[in-house]
>>> print(open('work-v3.pdb').read())   # PDB, C-alpha atoms, pLDDT in the B column
ATOM      1  CA  MET A   1       3.775  12.622  -0.131  1.00 42.00           C
ATOM      2  CA  ARG A   2       3.837  12.997  -3.877  1.00 46.00           C
ATOM      3  CA  ASN A   3       1.250  14.543  -6.141  1.00 50.00           C
ATOM      4  CA  ASP A   4      -1.318  12.211  -7.709  1.00 53.00           C
ATOM      5  CA  ALA A   5      -0.563  13.907 -11.051  1.00 54.00           C
ATOM      6  CA  ASP A   6       2.820  12.098 -11.047  1.00 63.00           C
ATOM      7  CA  SER A   7       0.980   8.782 -11.285  1.00 70.00           C
ATOM      8  CA  GLN A   8      -0.615   7.260 -14.355  1.00 89.00           C
ATOM      9  CA  LEU A   9      -2.660   4.997 -12.067  1.00 93.00           C
ATOM     10  CA  SER A  10      -5.365   6.530  -9.879  1.00 94.00           C
ATOM     11  CA  ARG A  11      -5.554   5.705  -6.189  1.00 95.00           C
ATOM     12  CA  ALA A  12      -8.914   3.974  -6.780  1.00 96.00           C
ATOM     13  CA  GLU A  13      -7.338   1.745  -9.455  1.00 96.00           C
ATOM     14  CA  ALA A  14      -4.390   0.960  -7.168  1.00 97.00           C
ATOM     15  CA  GLU A  15      -6.782   0.066  -4.332  1.00 97.00           C
ATOM     16  CA  ARG A  16      -8.740  -2.292  -6.595  1.00 97.00           C
ATOM     17  CA  ILE A  17      -5.508  -4.047  -7.606  1.00 97.00           C
ATOM     18  CA  ALA A  18      -4.198  -4.182  -4.011  1.00 97.00           C
ATOM     19  CA  LEU A  19      -7.434  -5.653  -2.674  1.00 97.00           C
ATOM     20  CA  THR A  20      -6.970  -8.686  -4.950  1.00 95.00           C
ATOM     21  CA  ARG A  21      -3.998  -9.539  -2.681  1.00 94.00           C
ATOM     22  CA  ALA A  22      -6.032  -9.107   0.528  1.00 92.00           C
ATOM     23  CA  PRO A  23      -9.550 -10.364  -0.274  1.00 88.00           C
ATOM     24  CA  GLY A  24     -12.241  -9.005   2.036  1.00 92.00           C
ATOM     25  CA  GLY A  25      -9.881  -6.299   3.280  1.00 95.00           C
ATOM     26  CA  VAL A  26     -10.441  -2.580   3.739  1.00 96.00           C
ATOM     27  CA  VAL A  27      -7.875   0.034   2.740  1.00 97.00           C
ATOM     28  CA  ARG A  28      -6.954   2.002   5.872  1.00 95.00           C
ATOM     29  CA  GLU A  29      -4.182   4.212   4.489  1.00 94.00           C
ATOM     30  CA  GLY A  30      -2.563   4.893   1.179  1.00 95.00           C
ATOM     31  CA  GLU A  31       0.056   7.176  -0.229  1.00 94.00           C
ATOM     32  CA  LEU A  32       2.067   7.722  -3.339  1.00 94.00           C
ATOM     33  CA  GLU A  33       5.777   7.330  -2.658  1.00 94.00           C
ATOM     34  CA  LYS A  34       9.116   6.546  -4.258  1.00 93.00           C
ATOM     35  CA  GLU A  35      10.464   3.067  -3.373  1.00 88.00           C
ATOM     36  CA  HIS A  36      13.609   1.576  -4.901  1.00 85.00           C
ATOM     37  CA  GLY A  37      13.497   4.061  -7.764  1.00 88.00           C
ATOM     38  CA  LYS A  38       9.837   3.400  -8.597  1.00 89.00           C
ATOM     39  CA  LEU A  39       6.763   5.504  -7.983  1.00 95.00           C
ATOM     40  CA  VAL A  40       4.331   3.255  -6.078  1.00 96.00           C
ATOM     41  CA  TRP A  41       1.025   3.418  -4.308  1.00 97.00           C
ATOM     42  CA  SER A  42       1.662   2.030  -0.815  1.00 96.00           C
ATOM     43  CA  LEU A  43      -1.619   0.785   0.651  1.00 97.00           C
ATOM     44  CA  ASP A  44      -2.276  -0.560   4.157  1.00 95.00           C
ATOM     45  CA  ILE A  45      -5.151  -3.028   4.189  1.00 97.00           C
ATOM     46  CA  ALA A  46      -6.948  -4.310   7.291  1.00 95.00           C
ATOM     47  CA  VAL A  47      -8.241  -7.860   6.914  1.00 90.00           C
ATOM     48  CA  PRO A  48     -11.196  -9.058   9.026  1.00 89.00           C
ATOM     49  CA  GLY A  49     -10.349 -11.699  11.606  1.00 90.00           C
ATOM     50  CA  THR A  50      -6.774 -10.538  12.174  1.00 89.00           C
ATOM     51  CA  SER A  51      -5.035  -7.534  13.685  1.00 89.00           C
ATOM     52  CA  ASP A  52      -2.292  -7.706  11.042  1.00 90.00           C
ATOM     53  CA  ILE A  53      -2.106  -5.178   8.222  1.00 93.00           C
ATOM     54  CA  VAL A  54      -1.271  -6.231   4.681  1.00 95.00           C
ATOM     55  CA  GLU A  55       0.888  -3.610   2.980  1.00 95.00           C
ATOM     56  CA  VAL A  56       0.611  -3.805  -0.801  1.00 97.00           C
ATOM     57  CA  GLN A  57       2.727  -1.671  -3.091  1.00 96.00           C
ATOM     58  CA  VAL A  58       1.402  -1.126  -6.601  1.00 97.00           C
ATOM     59  CA  ASP A  59       3.554   0.396  -9.360  1.00 96.00           C
ATOM     60  CA  ALA A  60       1.907   3.760 -10.091  1.00 95.00           C
ATOM     61  CA  VAL A  61       2.791   3.568 -13.778  1.00 93.00           C
ATOM     62  CA  THR A  62       2.232  -0.071 -14.776  1.00 94.00           C
ATOM     63  CA  GLY A  63      -0.265  -1.257 -12.141  1.00 96.00           C
ATOM     64  CA  ASP A  64       1.935  -4.228 -11.277  1.00 96.00           C
ATOM     65  CA  VAL A  65       2.045  -5.393  -7.663  1.00 96.00           C
ATOM     66  CA  VAL A  66       5.587  -4.647  -6.488  1.00 95.00           C
ATOM     67  CA  SER A  67       5.375  -6.180  -3.013  1.00 95.00           C
ATOM     68  CA  VAL A  68       3.006  -7.676  -0.451  1.00 96.00           C
ATOM     69  CA  ALA A  69       3.973  -7.784   3.227  1.00 93.00           C
ATOM     70  CA  LYS A  70       2.107  -8.570   6.438  1.00 92.00           C
ATOM     71  CA  GLU A  71       2.759  -6.298   9.402  1.00 86.00           C
ATOM     72  CA  THR A  72       1.929  -7.366  12.944  1.00 80.00           C
ATOM     73  CA  PRO A  73       0.548  -4.798  15.406  1.00 78.00           C
ATOM     74  CA  ARG A  74       4.068  -4.573  16.941  1.00 79.00           C
ATOM     75  CA  GLN A  75       5.643  -3.860  13.545  1.00 77.00           C
ATOM     76  CA  GLN A  76       2.969  -1.239  12.828  1.00 71.00           C
ATOM     77  CA  GLN A  77       3.725   0.472  16.134  1.00 74.00           C
ATOM     78  CA  LEU A  78       7.465   0.559  15.423  1.00 75.00           C
ATOM     79  CA  GLU A  79       6.869   1.940  11.935  1.00 71.00           C
ATOM     80  CA  ARG A  80       4.856   4.871  13.325  1.00 68.00           C
ATOM     81  CA  LYS A  81       7.768   5.947  15.552  1.00 63.00           C
TER
END
>>> encode(input="work-v3.pdb", output="structure tokens")
Amino acid sequence: MRNDADSQLSRAEAERIALTRAPGGVVREGELEKEHGKLVWSLDIAVPGTSDIVEVQVDAVTGDVVSVAKETPRQQQLERK
């Protein structure tokens, strides 16, 4: 886990941006991490009506959405191991 001071974008701002990619969702987890040479906020969003999680990565400097991926419950379980 990285320090929030490394980011120019607050977690709250990153969550607001990420939730535009998963309308009606609720952020369950979030962390600042380095992915492919970029500092990103990685946010797991639960969406009502499904057991999938939408993982949205937001560039911590520019606020751009870097990636959006759906994870099934099975994928989530494997990721925790």
>>> closest_residue(input="work-v3.pdb", among="A:Leu9, A:Asp52, A:Val66, A:Val47", to="A:Val27", atoms="all atoms listed in the file")
A:Val47
>>> closest_residue(input="work-v3.pdb", among="A:Glu29, A:His36, A:Ser42, A:Pro48", to="A:Ala69", atoms="only C-alpha atoms")
A:Ser42
>>> residues_around(input="work-v3.pdb", residues="A:Leu39", least_positions_apart="3", cutoff="10 Å", atoms="only C-alpha atoms", output="MDAnalysis selection string")
chainID A and resid 2 6:8 32:36 42 57:62
>>> atom_distance(input="work-v3.pdb", atom1="atom CA of A:Asp64", atom2="atom CA of A:Pro23")
17.0 Å
>>> closest_residue(input="work-v3.pdb", among="A:Val56, A:Ala12, A:Thr50, A:Asp44", to="A:Gln76", atoms="all atoms listed in the file")
A:Asp44
>>> closest_residue(input="work-v3.pdb", among="A:Lys38, A:Leu78, A:Thr72, A:Ile45", to="A:Thr20", atoms="all atoms listed in the file")
A:Ile45
>>> residues_near_point(input="work-v3.pdb", point="(-0.8, -4.4, 5.6)", cutoff="6 Å", atoms="all atoms listed in the file", output="number ranges by chain")
A: 44-45, 53-55, 70-71
>>> closest_residue(input="work-v3.pdb", among="A:Ser51, A:Leu43, A:Gly63, A:Arg16", to="A:Arg28", atoms="all atoms listed in the file")
A:Leu43
>>> atom_distance(input="work-v3.pdb", atom1="atom CA of A:Val40", atom2="atom CA of A:Gln77")
22.4 Å
>>> atom_distance(input="work-v3.pdb", atom1="atom CA of A:Ala46", atom2="atom CA of A:Ser67")
16.2 Å
>>> closest_residue(input="work-v3.pdb", among="A:Glu79, A:Gly24, A:Ala18, A:Gly30", to="A:Gly49", atoms="all atoms listed in the file")
A:Gly24
>>> decode(input="work-v3.pdb", residues="stretch 46-65 of chain A", atoms="N, CA, C and O atoms", output="PDB file, in the first residue's frame")
ATOM      1  N   ALA A  46     -19.070  -3.032  -5.779  1.00  0.00           N
ATOM      2  CA  ALA A  46     -20.179  -3.990  -5.801  1.00  0.00           C
ATOM      3  C   ALA A  46     -21.370  -3.310  -6.466  1.00  0.00           C
ATOM      4  O   ALA A  46     -21.686  -2.159  -6.150  1.00  0.00           O
ATOM      5  N   VAL A  47     -21.998  -4.029  -7.396  1.00  0.00           N
ATOM      6  CA  VAL A  47     -23.141  -3.477  -8.121  1.00  0.00           C
ATOM      7  C   VAL A  47     -24.386  -4.271  -7.731  1.00  0.00           C
ATOM      8  O   VAL A  47     -24.384  -5.502  -7.801  1.00  0.00           O
ATOM      9  N   PRO A  48     -25.453  -3.586  -7.303  1.00  0.00           N
ATOM     10  CA  PRO A  48     -26.681  -4.280  -6.917  1.00  0.00           C
ATOM     11  C   PRO A  48     -27.209  -5.175  -8.044  1.00  0.00           C
ATOM     12  O   PRO A  48     -27.104  -4.837  -9.220  1.00  0.00           O
ATOM     13  N   GLY A  49     -27.733  -6.328  -7.657  1.00  0.00           N
ATOM     14  CA  GLY A  49     -28.319  -7.235  -8.628  1.00  0.00           C
ATOM     15  C   GLY A  49     -27.342  -8.229  -9.223  1.00  0.00           C
ATOM     16  O   GLY A  49     -27.714  -9.038 -10.063  1.00  0.00           O
ATOM     17  N   THR A  50     -26.092  -8.182  -8.822  1.00  0.00           N
ATOM     18  CA  THR A  50     -25.087  -9.116  -9.309  1.00  0.00           C
ATOM     19  C   THR A  50     -24.087  -9.415  -8.204  1.00  0.00           C
ATOM     20  O   THR A  50     -23.893  -8.599  -7.303  1.00  0.00           O
ATOM     21  N   SER A  51     -23.461 -10.565  -8.270  1.00  0.00           N
ATOM     22  CA  SER A  51     -22.427 -10.894  -7.286  1.00  0.00           C
ATOM     23  C   SER A  51     -21.039 -10.589  -7.837  1.00  0.00           C
ATOM     24  O   SER A  51     -20.040 -10.823  -7.169  1.00  0.00           O
ATOM     25  N   ASP A  52     -20.985 -10.064  -9.071  1.00  0.00           N
ATOM     26  CA  ASP A  52     -19.704  -9.665  -9.655  1.00  0.00           C
ATOM     27  C   ASP A  52     -19.215  -8.369  -9.005  1.00  0.00           C
ATOM     28  O   ASP A  52     -19.998  -7.585  -8.482  1.00  0.00           O
ATOM     29  N   ILE A  53     -17.909  -8.172  -9.073  1.00  0.00           N
ATOM     30  CA  ILE A  53     -17.281  -6.934  -8.631  1.00  0.00           C
ATOM     31  C   ILE A  53     -16.723  -6.256  -9.865  1.00  0.00           C
ATOM     32  O   ILE A  53     -16.157  -6.904 -10.744  1.00  0.00           O
ATOM     33  N   VAL A  54     -16.883  -4.948  -9.956  1.00  0.00           N
ATOM     34  CA  VAL A  54     -16.270  -4.190 -11.037  1.00  0.00           C
ATOM     35  C   VAL A  54     -15.021  -3.538 -10.450  1.00  0.00           C
ATOM     36  O   VAL A  54     -15.110  -2.781  -9.489  1.00  0.00           O
ATOM     37  N   GLU A  55     -13.858  -3.891 -11.013  1.00  0.00           N
ATOM     38  CA  GLU A  55     -12.612  -3.281 -10.567  1.00  0.00           C
ATOM     39  C   GLU A  55     -12.279  -2.155 -11.536  1.00  0.00           C
ATOM     40  O   GLU A  55     -12.146  -2.380 -12.740  1.00  0.00           O
ATOM     41  N   VAL A  56     -12.189  -0.940 -10.995  1.00  0.00           N
ATOM     42  CA  VAL A  56     -11.871   0.231 -11.804  1.00  0.00           C
ATOM     43  C   VAL A  56     -10.546   0.789 -11.302  1.00  0.00           C
ATOM     44  O   VAL A  56     -10.366   0.988 -10.102  1.00  0.00           O
ATOM     45  N   GLN A  57      -9.640   1.019 -12.237  1.00  0.00           N
ATOM     46  CA  GLN A  57      -8.366   1.640 -11.894  1.00  0.00           C
ATOM     47  C   GLN A  57      -8.356   3.048 -12.460  1.00  0.00           C
ATOM     48  O   GLN A  57      -8.614   3.246 -13.649  1.00  0.00           O
ATOM     49  N   VAL A  58      -8.066   4.002 -11.568  1.00  0.00           N
ATOM     50  CA  VAL A  58      -8.061   5.418 -11.923  1.00  0.00           C
ATOM     51  C   VAL A  58      -6.651   5.962 -11.726  1.00  0.00           C
ATOM     52  O   VAL A  58      -6.064   5.788 -10.646  1.00  0.00           O
ATOM     53  N   ASP A  59      -6.093   6.587 -12.761  1.00  0.00           N
ATOM     54  CA  ASP A  59      -4.756   7.173 -12.674  1.00  0.00           C
ATOM     55  C   ASP A  59      -4.756   8.200 -11.540  1.00  0.00           C
ATOM     56  O   ASP A  59      -5.583   9.119 -11.521  1.00  0.00           O
ATOM     57  N   ALA A  60      -3.847   8.029 -10.583  1.00  0.00           N
ATOM     58  CA  ALA A  60      -3.820   8.865  -9.383  1.00  0.00           C
ATOM     59  C   ALA A  60      -3.273  10.261  -9.639  1.00  0.00           C
ATOM     60  O   ALA A  60      -3.335  11.115  -8.763  1.00  0.00           O
ATOM     61  N   VAL A  61      -2.746  10.491 -10.834  1.00  0.00           N
ATOM     62  CA  VAL A  61      -2.224  11.809 -11.171  1.00  0.00           C
ATOM     63  C   VAL A  61      -3.194  12.561 -12.076  1.00  0.00           C
ATOM     64  O   VAL A  61      -3.544  13.705 -11.817  1.00  0.00           O
ATOM     65  N   THR A  62      -3.669  11.887 -13.137  1.00  0.00           N
ATOM     66  CA  THR A  62      -4.507  12.569 -14.131  1.00  0.00           C
ATOM     67  C   THR A  62      -6.001  12.425 -13.902  1.00  0.00           C
ATOM     68  O   THR A  62      -6.791  13.206 -14.422  1.00  0.00           O
ATOM     69  N   GLY A  63      -6.416  11.363 -13.177  1.00  0.00           N
ATOM     70  CA  GLY A  63      -7.840  11.104 -12.978  1.00  0.00           C
ATOM     71  C   GLY A  63      -8.467  10.316 -14.110  1.00  0.00           C
ATOM     72  O   GLY A  63      -9.667  10.069 -14.105  1.00  0.00           O
ATOM     73  N   ASP A  64      -7.650   9.903 -15.079  1.00  0.00           N
ATOM     74  CA  ASP A  64      -8.163   9.102 -16.188  1.00  0.00           C
ATOM     75  C   ASP A  64      -8.451   7.676 -15.731  1.00  0.00           C
ATOM     76  O   ASP A  64      -7.715   7.127 -14.899  1.00  0.00           O
ATOM     77  N   VAL A  65      -9.495   7.076 -16.288  1.00  0.00           N
ATOM     78  CA  VAL A  65      -9.784   5.671 -16.012  1.00  0.00           C
ATOM     79  C   VAL A  65      -8.807   4.841 -16.841  1.00  0.00           C
ATOM     80  O   VAL A  65      -8.759   4.969 -18.066  1.00  0.00           O
TER      81      VAL A  65
END
